[in-house]
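Dropping run.cif in here (mmCIF, C-alpha atoms):
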```
data_model
#
loop_
_atom_site.label_atom_id
_atom_site.label_comp_id
_atom_site.auth_asym_id
_atom_site.auth_seq_id
_atom_site.Cartn_x
_atom_site.Cartn_y
_atom_site.Cartn_z
CA MET A 1 -1.68 -172.66 156.25
CA ASN A 2 0.39 -175.55 155.05
CA TRP A 3 3.47 -175.70 157.30
CA PHE A 4 5.05 -178.25 154.95
CA ARG A 5 4.68 -176.06 151.89
CA ARG A 6 8.34 -175.39 151.29
CA ASN A 7 9.82 -178.82 151.87
CA PRO A 8 7.99 -181.71 153.50
CA ARG A 9 11.25 -182.80 155.05
CA GLU A 10 11.89 -179.50 156.81
CA PHE A 11 9.84 -178.22 159.66
CA ASP A 12 8.97 -174.57 160.06
CA ARG A 13 10.91 -173.23 163.04
CA GLU A 14 8.08 -170.89 163.97
CA LEU A 15 5.76 -173.85 164.39
CA LEU A 16 8.28 -175.69 166.51
CA ALA A 17 8.70 -172.61 168.69
CA ALA A 18 4.93 -172.32 169.04
CA TYR A 19 4.76 -175.95 170.09
CA ALA A 20 7.56 -175.41 172.61
CA ASP A 21 5.67 -172.43 174.08
CA GLY A 22 2.54 -174.53 174.52
CA GLU A 23 0.55 -172.44 172.05
CA LEU A 24 -0.89 -175.57 170.43
CA GLU A 25 -2.20 -176.91 173.75
CA GLY A 26 -5.84 -176.77 174.77
CA ARG A 27 -7.16 -175.60 171.39
CA GLU A 28 -9.35 -178.05 169.56
CA GLU A 29 -8.86 -176.43 166.17
CA LEU A 30 -5.09 -176.98 166.47
CA ALA A 31 -5.27 -180.57 167.66
CA GLN A 32 -4.48 -181.97 164.21
CA LEU A 33 -1.51 -179.64 163.85
CA ARG A 34 -0.19 -180.61 167.28
CA LEU A 35 -0.48 -184.27 166.31
CA GLN A 36 1.52 -183.59 163.12
CA VAL A 37 4.26 -181.92 165.13
CA GLU A 38 4.46 -184.78 167.59
CA THR A 39 4.50 -187.36 164.80
CA TRP A 40 7.28 -185.46 163.07
CA LEU A 41 9.28 -185.24 166.28
CA GLU A 42 9.07 -189.00 166.70
CA THR A 43 10.72 -189.54 163.32
CA HIS A 44 13.27 -186.71 163.69
CA PRO A 45 14.99 -187.17 167.03
CA GLU A 46 17.60 -184.55 166.07
CA ALA A 47 14.90 -181.90 166.40
CA HIS A 48 14.51 -182.65 170.10
CA ARG A 49 17.67 -180.69 170.77
CA GLU A 50 16.20 -177.59 169.15
CA LEU A 51 12.93 -178.10 171.04
CA HIS A 52 14.84 -178.33 174.28
CA GLU A 53 16.66 -175.09 173.46
CA TYR A 54 13.36 -173.28 172.88
CA ARG A 55 11.98 -174.49 176.17
CA SER A 56 15.17 -173.58 178.03
CA LEU A 57 15.04 -170.07 176.58
CA ARG A 58 11.45 -169.62 177.69
CA GLU A 59 12.26 -170.81 181.19
CA LEU A 60 15.18 -168.39 181.32
CA LEU A 61 12.97 -165.48 180.30
CA GLU A 62 10.38 -166.39 182.87
CA ALA A 63 13.02 -166.66 185.55
CA THR A 64 14.48 -163.24 184.81
CA PRO A 65 11.67 -160.67 184.67
CA PRO A 66 12.55 -157.03 183.96
CA PRO A 67 13.29 -154.97 187.07
CA ASP A 68 10.43 -152.90 188.50
CA GLN A 69 10.61 -149.28 187.45
CA GLU A 70 10.28 -146.36 189.79
CA GLU A 71 6.86 -144.77 190.19
CA GLY A 72 6.05 -142.36 187.39
CA VAL A 73 8.55 -143.68 184.79
CA TRP A 74 5.88 -145.17 182.54
CA GLU A 75 3.64 -142.06 182.77
CA GLU A 76 6.56 -139.84 181.79
CA MET A 77 7.38 -142.07 178.81
CA ALA A 78 3.77 -142.07 177.60
CA HIS A 79 3.67 -138.25 177.86
CA ARG A 80 6.85 -137.90 175.85
CA LEU A 81 5.45 -140.21 173.14
CA ARG A 82 2.27 -138.15 172.89
CA VAL A 83 4.17 -134.89 172.65
CA THR A 84 6.50 -136.18 169.97
CA ARG A 85 3.68 -137.56 167.84
CA PHE A 86 1.62 -134.35 168.15
CA ARG A 87 4.65 -132.20 167.25
CA THR A 88 5.32 -134.11 164.02
CA GLU A 89 1.70 -134.22 162.93
CA VAL A 90 0.65 -130.58 163.41
CA PRO A 91 1.88 -128.33 160.58
CA ASN A 92 3.55 -125.08 161.73
CA ARG A 93 2.56 -122.88 158.78
CA PRO A 94 -1.03 -121.86 157.97
CA ASN A 95 -0.78 -123.18 154.36
CA GLN A 96 0.21 -126.57 155.58
CA ARG A 97 -2.75 -126.60 157.97
CA TRP A 98 -5.19 -125.92 155.14
CA PHE A 99 -3.52 -128.61 153.01
CA VAL A 100 -3.76 -131.18 155.75
CA ALA A 101 -7.37 -130.25 156.42
CA GLY A 102 -8.23 -130.62 152.75
CA LEU A 103 -6.47 -133.94 152.51
CA ALA A 104 -8.27 -135.22 155.58
CA GLY A 105 -11.58 -134.18 154.08
CA ALA A 106 -10.85 -136.01 150.84
CA VAL A 107 -9.91 -139.16 152.70
CA ALA A 108 -13.08 -138.98 154.77
CA ALA A 109 -15.20 -138.54 151.66
CA GLY A 110 -13.52 -141.54 150.02
CA LEU A 111 -14.13 -143.70 153.07
CA ALA A 112 -17.76 -142.66 153.20
CA TRP A 113 -18.23 -143.58 149.55
CA ALA A 114 -16.57 -146.94 150.07
CA MET A 115 -18.74 -147.68 153.10
CA PHE A 116 -22.06 -146.79 151.49
CA SER A 117 -21.49 -148.35 148.04
CA VAL A 118 -22.16 -152.09 147.96
CA PRO A 119 -19.09 -154.13 147.09
CA ALA A 120 -19.57 -156.12 143.89
CA HIS A 121 -18.56 -159.48 145.36
CA LEU A 122 -21.27 -159.23 148.03
CA GLU A 123 -23.95 -158.80 145.34
CA ASN A 124 -22.51 -161.52 143.16
CA PRO A 125 -20.39 -164.01 145.13
CA GLN A 126 -20.15 -166.26 142.09
CA ALA A 127 -18.19 -163.59 140.16
CA LYS A 128 -15.40 -163.67 142.74
CA MET A 129 -15.31 -167.44 142.65
CA THR A 130 -14.93 -167.62 138.87
CA ASN A 131 -12.14 -165.03 138.85
CA ALA A 132 -10.09 -166.92 141.40
CA ARG A 133 -6.89 -168.51 140.12
CA PRO A 134 -6.54 -172.30 140.08
CA GLY A 135 -4.99 -173.58 143.27
CA SER A 136 -5.98 -170.49 145.26
CA ALA A 137 -7.97 -170.79 148.42
CA ASN A 138 -11.26 -170.14 146.62
CA ASN A 139 -10.68 -172.49 143.69
CA LEU A 140 -10.10 -176.12 144.55
CA GLU A 141 -9.43 -177.28 141.01
CA PRO A 142 -6.08 -179.06 140.78
CA PHE A 143 -3.27 -177.71 138.64
CA PRO A 144 -3.36 -179.30 135.19
CA VAL A 145 -0.44 -181.64 134.61
CA ALA A 146 0.95 -182.53 131.21
CA GLY A 147 -0.08 -185.99 130.10
CA VAL A 148 1.82 -188.79 128.46
CA GLY A 149 2.90 -187.74 124.98
CA GLU A 150 2.43 -184.02 125.60
CA VAL A 151 6.02 -183.30 126.58
CA GLU A 152 9.07 -184.30 124.57
CA ILE A 153 12.36 -184.29 126.44
CA LEU A 154 15.14 -183.14 124.11
CA SER A 155 18.14 -183.44 126.41
CA VAL A 156 18.68 -184.94 129.86
CA SER A 157 21.59 -186.17 131.92
CA GLY A 158 21.40 -189.75 133.10
CA ASP A 159 20.49 -189.16 136.74
CA SER A 160 17.88 -186.51 136.00
CA ALA A 161 15.90 -188.91 133.82
CA LEU A 162 14.70 -190.66 136.96
CA ALA A 163 13.19 -187.43 138.28
CA LEU A 164 10.91 -186.89 135.31
CA VAL A 165 7.32 -187.92 135.94
CA VAL A 166 5.98 -187.19 132.47
CA GLY A 167 7.67 -186.64 129.15
CA GLU A 168 8.96 -188.78 126.33
CA LEU A 169 12.69 -189.35 126.85
CA PRO A 170 15.09 -189.43 123.92
CA LEU A 171 15.72 -193.05 124.85
CA HIS A 172 13.05 -195.11 126.46
CA GLY A 173 13.46 -198.77 127.01
CA PRO A 174 16.48 -200.86 126.07
CA MET A 175 18.70 -199.70 123.21
CA LYS A 176 18.12 -201.61 120.00
CA LEU A 177 21.42 -202.05 118.23
CA ALA A 178 21.75 -202.08 114.48
CA GLY A 179 22.18 -205.62 113.16
CA PRO A 180 24.50 -207.11 110.58
CA GLY A 181 24.10 -205.46 107.20
CA GLU A 182 22.07 -202.55 108.53
CA VAL A 183 24.94 -200.04 108.58
CA THR A 184 27.29 -199.18 105.72
CA VAL A 185 30.28 -196.87 106.17
CA THR A 186 30.73 -194.63 103.15
CA SER A 187 33.89 -192.72 104.11
CA VAL A 188 36.23 -192.17 107.05
CA GLN A 189 38.56 -189.23 107.49
CA PRO A 190 41.72 -189.68 109.58
CA ALA A 191 42.21 -187.71 112.77
CA ALA A 192 43.84 -184.37 112.06
CA HIS A 193 46.68 -184.57 114.58
CA ASP A 194 47.88 -188.18 114.11
CA ASN A 195 46.01 -189.61 111.09
CA MET A 196 44.35 -192.27 113.24
CA LEU A 197 41.66 -194.14 111.36
CA PRO A 198 38.84 -195.83 113.29
CA VAL A 199 37.85 -199.36 112.43
CA PHE A 200 34.40 -200.34 111.28
CA ARG A 201 33.67 -203.71 112.82
CA ALA A 202 30.96 -205.62 111.00
CA ASP A 203 31.37 -209.00 112.72
CA GLY A 204 28.28 -209.21 114.85
CA ASN A 205 26.44 -205.98 115.54
CA PRO A 206 28.15 -203.17 113.60
CA MET A 207 30.31 -200.78 115.57
CA ILE A 208 32.89 -198.06 114.93
CA TRP A 209 35.95 -198.45 117.14
CA SER A 210 38.72 -195.91 117.66
CA ARG A 211 41.61 -197.75 119.22
CA LEU A 212 43.60 -196.36 122.11
CA ASP A 213 47.38 -196.60 121.98
CA SER A 214 47.23 -199.10 124.82
CA GLU A 215 44.75 -201.36 123.05
CA PRO A 216 45.89 -204.24 120.84
CA MET B 217 -24.24 -164.58 91.54
CA PHE B 218 -23.32 -168.06 90.38
CA SER B 219 -20.36 -166.76 88.44
CA PHE B 220 -19.15 -165.01 91.60
CA LEU B 221 -19.42 -168.30 93.54
CA TRP B 222 -17.44 -170.16 90.91
CA GLN B 223 -14.76 -167.50 90.95
CA ALA B 224 -14.54 -167.64 94.76
CA ALA B 225 -14.29 -171.44 94.71
CA GLY B 226 -11.58 -171.29 92.12
CA LEU B 227 -9.55 -168.77 94.11
CA GLY B 228 -9.97 -170.90 97.23
CA ALA B 229 -8.75 -174.00 95.46
CA LEU B 230 -5.77 -172.10 94.10
CA PHE B 231 -4.90 -170.86 97.58
CA LEU B 232 -5.12 -174.35 99.07
CA GLY B 233 -3.01 -175.73 96.30
CA MET B 234 -0.31 -173.15 96.97
CA CYS B 235 -0.28 -174.01 100.66
CA GLY B 236 -0.07 -177.72 99.98
CA GLY B 237 2.65 -177.17 97.46
CA GLN B 238 4.71 -175.14 99.91
CA ASN B 239 4.44 -177.90 102.55
CA ALA B 240 5.34 -180.63 100.08
CA GLY B 241 8.49 -178.75 99.05
CA GLN B 242 10.01 -178.67 102.56
CA PRO B 243 12.37 -181.56 103.34
CA GLU B 244 11.30 -183.84 106.13
CA LYS B 245 13.24 -183.55 109.34
CA VAL B 246 15.23 -186.44 110.72
CA LYS B 247 15.40 -186.93 114.48
CA VAL B 248 18.93 -187.76 115.57
CA THR B 249 19.38 -189.20 119.06
CA VAL B 250 22.84 -189.31 120.63
CA VAL B 251 23.30 -191.32 123.81
CA VAL B 252 26.48 -190.52 125.73
CA ILE B 253 27.98 -193.47 127.60
CA LEU B 254 30.97 -193.60 129.90
CA ALA B 255 32.71 -196.95 130.31
CA SER B 256 35.27 -197.69 132.95
CA GLU B 257 37.73 -200.45 133.68
CA SER B 258 36.81 -200.16 137.36
CA ASP B 259 34.23 -202.52 138.78
CA GLY B 260 30.80 -201.02 138.79
CA PRO B 261 27.23 -201.38 137.61
CA VAL B 262 26.01 -201.49 134.05
CA ASP B 263 22.95 -199.29 133.52
CA ALA B 264 19.98 -201.44 132.57
CA GLN B 265 19.43 -199.75 129.23
CA LEU B 266 23.06 -200.36 128.24
CA LYS B 267 23.11 -204.09 128.81
CA ASP B 268 23.20 -205.04 125.14
CA ILE B 269 25.72 -202.46 124.04
CA ALA B 270 27.95 -203.30 127.00
CA GLY B 271 27.93 -206.93 125.96
CA GLU B 272 28.98 -206.04 122.42
CA ILE B 273 31.80 -203.76 123.56
CA ARG B 274 33.09 -206.24 126.09
CA ARG B 275 33.49 -208.81 123.31
CA ILE B 276 36.18 -206.56 121.88
CA ASN B 277 37.58 -205.10 125.11
CA PRO B 278 36.71 -207.20 128.18
CA ASN B 279 38.52 -204.72 130.43
CA LEU B 280 35.62 -202.29 130.23
CA LYS B 281 33.51 -203.39 133.16
CA SER B 282 31.07 -200.66 134.10
CA PHE B 283 28.87 -198.63 131.79
CA LYS B 284 27.04 -195.48 132.78
CA LEU B 285 24.48 -193.52 130.80
CA ALA B 286 25.76 -189.96 131.04
CA SER B 287 23.18 -188.14 128.93
CA MET B 288 20.88 -188.40 125.96
CA ILE B 289 20.09 -185.70 123.45
CA LYS B 290 17.68 -185.56 120.55
CA LYS B 291 17.56 -183.01 117.74
CA SER B 292 15.50 -182.71 114.58
CA LEU B 293 17.59 -181.86 111.54
CA VAL B 294 16.89 -181.22 107.89
CA PRO B 295 19.34 -182.55 105.30
CA GLU B 296 22.70 -180.70 105.27
CA GLU B 297 21.93 -179.08 108.58
CA LYS B 298 24.87 -179.28 110.99
CA ALA B 299 24.20 -179.79 114.67
CA THR B 300 26.53 -179.96 117.63
CA PHE B 301 25.71 -182.28 120.51
CA ALA B 302 27.38 -181.50 123.83
CA LEU B 303 29.02 -184.53 125.42
CA VAL B 304 31.21 -184.37 128.53
CA GLU B 305 34.05 -182.10 129.69
CA ASN B 306 33.40 -179.50 126.98
CA LYS B 307 33.67 -182.10 124.22
CA SER B 308 31.10 -182.27 121.49
CA VAL B 309 30.18 -184.23 118.39
CA GLN B 310 29.04 -182.74 115.11
CA VAL B 311 26.32 -184.44 113.13
CA ILE B 312 25.09 -183.67 109.64
CA VAL B 313 22.18 -185.47 108.03
CA LYS B 314 23.38 -186.00 104.47
CA HIS B 315 19.99 -187.22 103.29
CA GLY B 316 16.77 -188.64 104.65
CA ALA B 317 15.46 -192.15 104.02
CA ASP B 318 16.52 -193.30 100.56
CA LYS B 319 15.18 -196.12 98.36
CA ASP B 320 16.71 -198.64 100.77
CA ASN B 321 15.03 -196.90 103.70
CA LYS B 322 18.37 -195.79 105.11
CA VAL B 323 19.50 -192.39 106.32
CA SER B 324 22.99 -191.04 105.66
CA LEU B 325 24.84 -189.27 108.46
CA ALA B 326 28.20 -187.55 108.74
CA ILE B 327 29.49 -187.60 112.29
CA THR B 328 32.70 -186.09 113.71
CA PRO B 329 33.42 -187.45 117.22
CA PRO B 330 35.93 -185.66 119.46
CA GLU B 331 39.60 -186.00 118.42
CA GLN B 332 38.62 -187.88 115.26
CA GLY B 333 37.94 -187.26 111.59
CA GLU B 334 34.54 -187.30 109.94
CA ILE B 335 32.74 -190.60 109.44
CA VAL B 336 29.96 -190.89 106.87
CA TYR B 337 27.66 -193.85 107.00
CA ARG B 338 24.20 -195.09 106.02
CA THR B 339 22.01 -196.69 108.60
CA VAL B 340 18.56 -198.08 109.18
CA CYS B 341 16.19 -196.15 111.39
CA GLY B 342 15.26 -196.83 114.96
CA LYS B 343 18.47 -198.67 115.90
CA PHE B 344 21.67 -197.49 117.49
CA LEU B 345 25.20 -197.59 116.09
CA PRO B 346 27.84 -197.64 118.84
CA ILE B 347 30.88 -195.44 118.27
CA VAL B 348 33.70 -196.10 120.70
CA THR B 349 35.83 -192.97 120.69
CA ARG B 350 39.36 -192.72 121.95
CA TYR B 351 38.55 -189.85 124.29
CA GLN B 352 38.99 -190.58 127.97
CA THR B 353 37.66 -188.34 130.68
CA LYS B 354 39.67 -187.00 133.59
CA GLY B 355 38.35 -190.00 135.53
CA ARG B 356 39.78 -192.36 132.87
CA GLU B 357 36.32 -193.24 131.55
CA ARG B 358 36.04 -194.12 127.88
CA LEU B 359 33.62 -192.00 125.91
CA ILE B 360 31.20 -194.05 123.83
CA LEU B 361 28.44 -192.67 121.64
CA ALA B 362 25.36 -194.45 120.39
CA VAL B 363 23.54 -192.76 117.50
CA GLN B 364 20.03 -193.41 116.22
CA VAL B 365 17.98 -191.75 113.49
CA GLN B 366 14.22 -191.63 112.95
CA PRO B 367 11.94 -191.83 111.10
CA CYS B 368 12.29 -193.74 107.91
CA ASN B 369 9.59 -194.29 105.35
CA ALA B 370 6.48 -195.98 106.75
CA ASP B 371 7.67 -195.38 110.35
#
```
Using structure tokens, write down the structure from this file.
Amino acid sequence: MNWFRRNPREFDRELLAAYADGELEGREELAQLRLQVETWLETHPEAHRELHEYRSLRELLEATPPPDQEEGVWEEMAHRLRVTRFRTEVPNRPNQRWFVAGLAGAVAAGLAWAMFSVPAHLENPQAKMTNARPGSANNLEPFPVAGVGEVEILSVSGDSALALVVGELPLHGPMKLAGPGEVTVTSVQPAAHDNMLPVFRADGNPMIWSRLDSEP
Amino acid sequence: MFSFLWQAAGLGALFLGMCGGQNAGQPEKVKVTVVVILASESDGPVDAQLKDIAGEIRRINPNLKSFKLASMIKKSLVPEEKATFALVENKSVQVIVKHGADKDNKVSLAITPPEQGEIVYRTVCGKFLPIVTRYQTKGRERLILAVQVQPCNAD
């Protein structure tokens, strides 16, 4: 189980609690996991507070055991549990008894069939392997990732462009500006509310400029 | 049997010709790319891709100091198709491709920036035309558009 599956920067609290309880100690198969926890704790000192809280809670529980019950309390409770379960399971009417008996027989027959018929995957282990989904525990093939040129990005905000690993952006590389003589303005309509007309500047690289009131 | 084969070949050729004819009749699409830029009079960085356009704009208005690439959008349009490109703060720009690459290898566009009238112009392909609008955002940033079309003939 990959304890970092959700977010490598967040630690699973269950794992931290297990570490605090000493459940990772003395077990060779968990040595690597214990090392990961300790390495993570070294780089996240803020987690030490939570670890300390877990350990304090455990010590508190150990220091305050439940009071000893009087003799016979546990036997009485066990008897009451048995009676209650038996009362809810046994049907009161004869028809219900026959129904339950029939149902039990059908279940037993189904179990017997399942036990004595050979499961398909035991006869043909390869069949189960080929039906496994990519990325599952039985299939170690990596997920296919789109390659360069296979994804075309149609719209992206500036900051998000940095997060894209593959994909052809609408703009890649420096912007090439149109040069002198490469743009010709055919017509310009004035703005509806104040008749403002933008200026087409052709000195240098061509540009259309709509002047603000504050601009000269 | 041979006459049947000739008839089948003839029908096949006719079918292929119809398909080719249908494809040839459809106008070629023009990809229009709109880059949305926000320029500010406050000190700040100039995005690397905007270095050249920032230099050109500063020649006219040196007060614009920082330039940020807000977004970039690309759409494929056929001639006379109107498209709306979302900008910032619910503003948008309308673009119509008037015609694809002509004999001069230029594409004609009609563009209506926010709070302005329509501008029709002819431009080469693969290069951007800066359009400095008079719209300012709530943060007093000047909205600038850069528009590019592709492809032209032999692109």
Based on all atoms listed in the file, which of the residues in chain A come within 6 Å of chain B? I want them as a list in words.
Leu154, Ser155, Val156, Ser157, Gly158, Pro170, Pro174, Lys176, Leu177, Ala178, Glu182, Val183, Thr184, Val185, Thr186, Ser187, Val188, Gln189, Pro190, Ala191, Met207, Ile208, Trp209, Ser210 and Leu212 of chain A
Tell me which protein, DNA and RNA residues are within 7 Å of Ser282 of chain B, counting all atoms listed in the file, leaving out same-chain ones fewer than 4 positions away, and put them as a VMD selection string.
chain B and resid 255 to 262
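By only C-alpha atoms, and with residues fewer than 4 positions from Ile153 of chain A along its chain excluded, the set lying at most 7 Å from it is Gly167, Glu168, Leu169 and Pro170 of chain A.
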Coordinates-based distance that separates atom CA of His48 of chain A from atom CA of Leu33 of chain A (Å, one decimal)
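Separation between atom CA of Leu33 of chain A and atom CA of His48 of chain A: 17.5 Å.
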Between atom CA of Thr84 of chain A and atom CA of Leu111 of chain A, what is the distance, to one decimal in Å?
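Calculated distance between atom CA of Thr84 of chain A and atom CA of Leu111 of chain A is 27.7 Å.
Relative to atom CA of Leu57 of chain A, atom CA of Ala17 of chain A is found at 10.4 Å.
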When the PyMOL selection byres ((chain B and resi 246) around 7) is applied to the structure above, which residues does it catch, written out as a short mmCIF file (atom, residue, chain, number, x, y, z; two decimals) with C-alpha atoms, in the coordinates of the input?
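This went into out.cif:
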```cif
data_model
loop_
_atom_site.label_atom_id
_atom_site.label_comp_id
_atom_site.auth_asym_id
_atom_site.auth_seq_id
_atom_site.Cartn_x
_atom_site.Cartn_y
_atom_site.Cartn_z
CA GLU B 244 11.30 -183.84 106.13
CA LYS B 245 13.24 -183.55 109.34
CA LYS B 247 15.40 -186.93 114.48
CA VAL B 248 18.93 -187.76 115.57
CA SER B 292 15.50 -182.71 114.58
CA LEU B 293 17.59 -181.86 111.54
CA VAL B 294 16.89 -181.22 107.89
CA GLY B 316 16.77 -188.64 104.65
CA VAL B 365 17.98 -191.75 113.49
CA GLN B 366 14.22 -191.63 112.95
CA PRO B 367 11.94 -191.83 111.10
#
```
List the residues selected by the PyMOL selection byres ((chain A and resi 19) around 10) in the file shown, writing them as a PDB file with C-alpha atoms, keeping the file's coordinate frame.
```
ATOM      1  CA  ARG A  13      10.910-173.230 163.040  1.00  0.00           C
ATOM      2  CA  GLU A  14       8.080-170.890 163.970  1.00  0.00           C
ATOM      3  CA  LEU A  15       5.760-173.850 164.390  1.00  0.00           C
ATOM      4  CA  LEU A  16       8.280-175.690 166.510  1.00  0.00           C
ATOM      5  CA  ALA A  17       8.700-172.610 168.690  1.00  0.00           C
ATOM      6  CA  ALA A  18       4.930-172.320 169.040  1.00  0.00           C
ATOM      7  CA  ALA A  20       7.560-175.410 172.610  1.00  0.00           C
ATOM      8  CA  ASP A  21       5.670-172.430 174.080  1.00  0.00           C
ATOM      9  CA  GLY A  22       2.540-174.530 174.520  1.00  0.00           C
ATOM     10  CA  GLU A  23       0.550-172.440 172.050  1.00  0.00           C
ATOM     11  CA  LEU A  24      -0.890-175.570 170.430  1.00  0.00           C
ATOM     12  CA  GLU A  25      -2.200-176.910 173.750  1.00  0.00           C
ATOM     13  CA  LEU A  33      -1.510-179.640 163.850  1.00  0.00           C
ATOM     14  CA  ARG A  34      -0.190-180.610 167.280  1.00  0.00           C
ATOM     15  CA  VAL A  37       4.260-181.920 165.130  1.00  0.00           C
ATOM     16  CA  GLU A  38       4.460-184.780 167.590  1.00  0.00           C
ATOM     17  CA  LEU A  51      12.930-178.100 171.040  1.00  0.00           C
ATOM     18  CA  TYR A  54      13.360-173.280 172.880  1.00  0.00           C
ATOM     19  CA  ARG A  55      11.980-174.490 176.170  1.00  0.00           C
TER      20      ARG A  55
END
```
Grab all the atoms of segment 338-343 of chain B that the file lists, wrap them in a box along x, y and z, add 4 Å per side, and give me centre plus edge lengths in Å (one decimal) as AutoDock Vina command-line options.
```
--center_x 19.7 --center_y -196.9 --center_z 111.0 --size_x 16.9 --size_y 11.6 --size_z 17.9
```
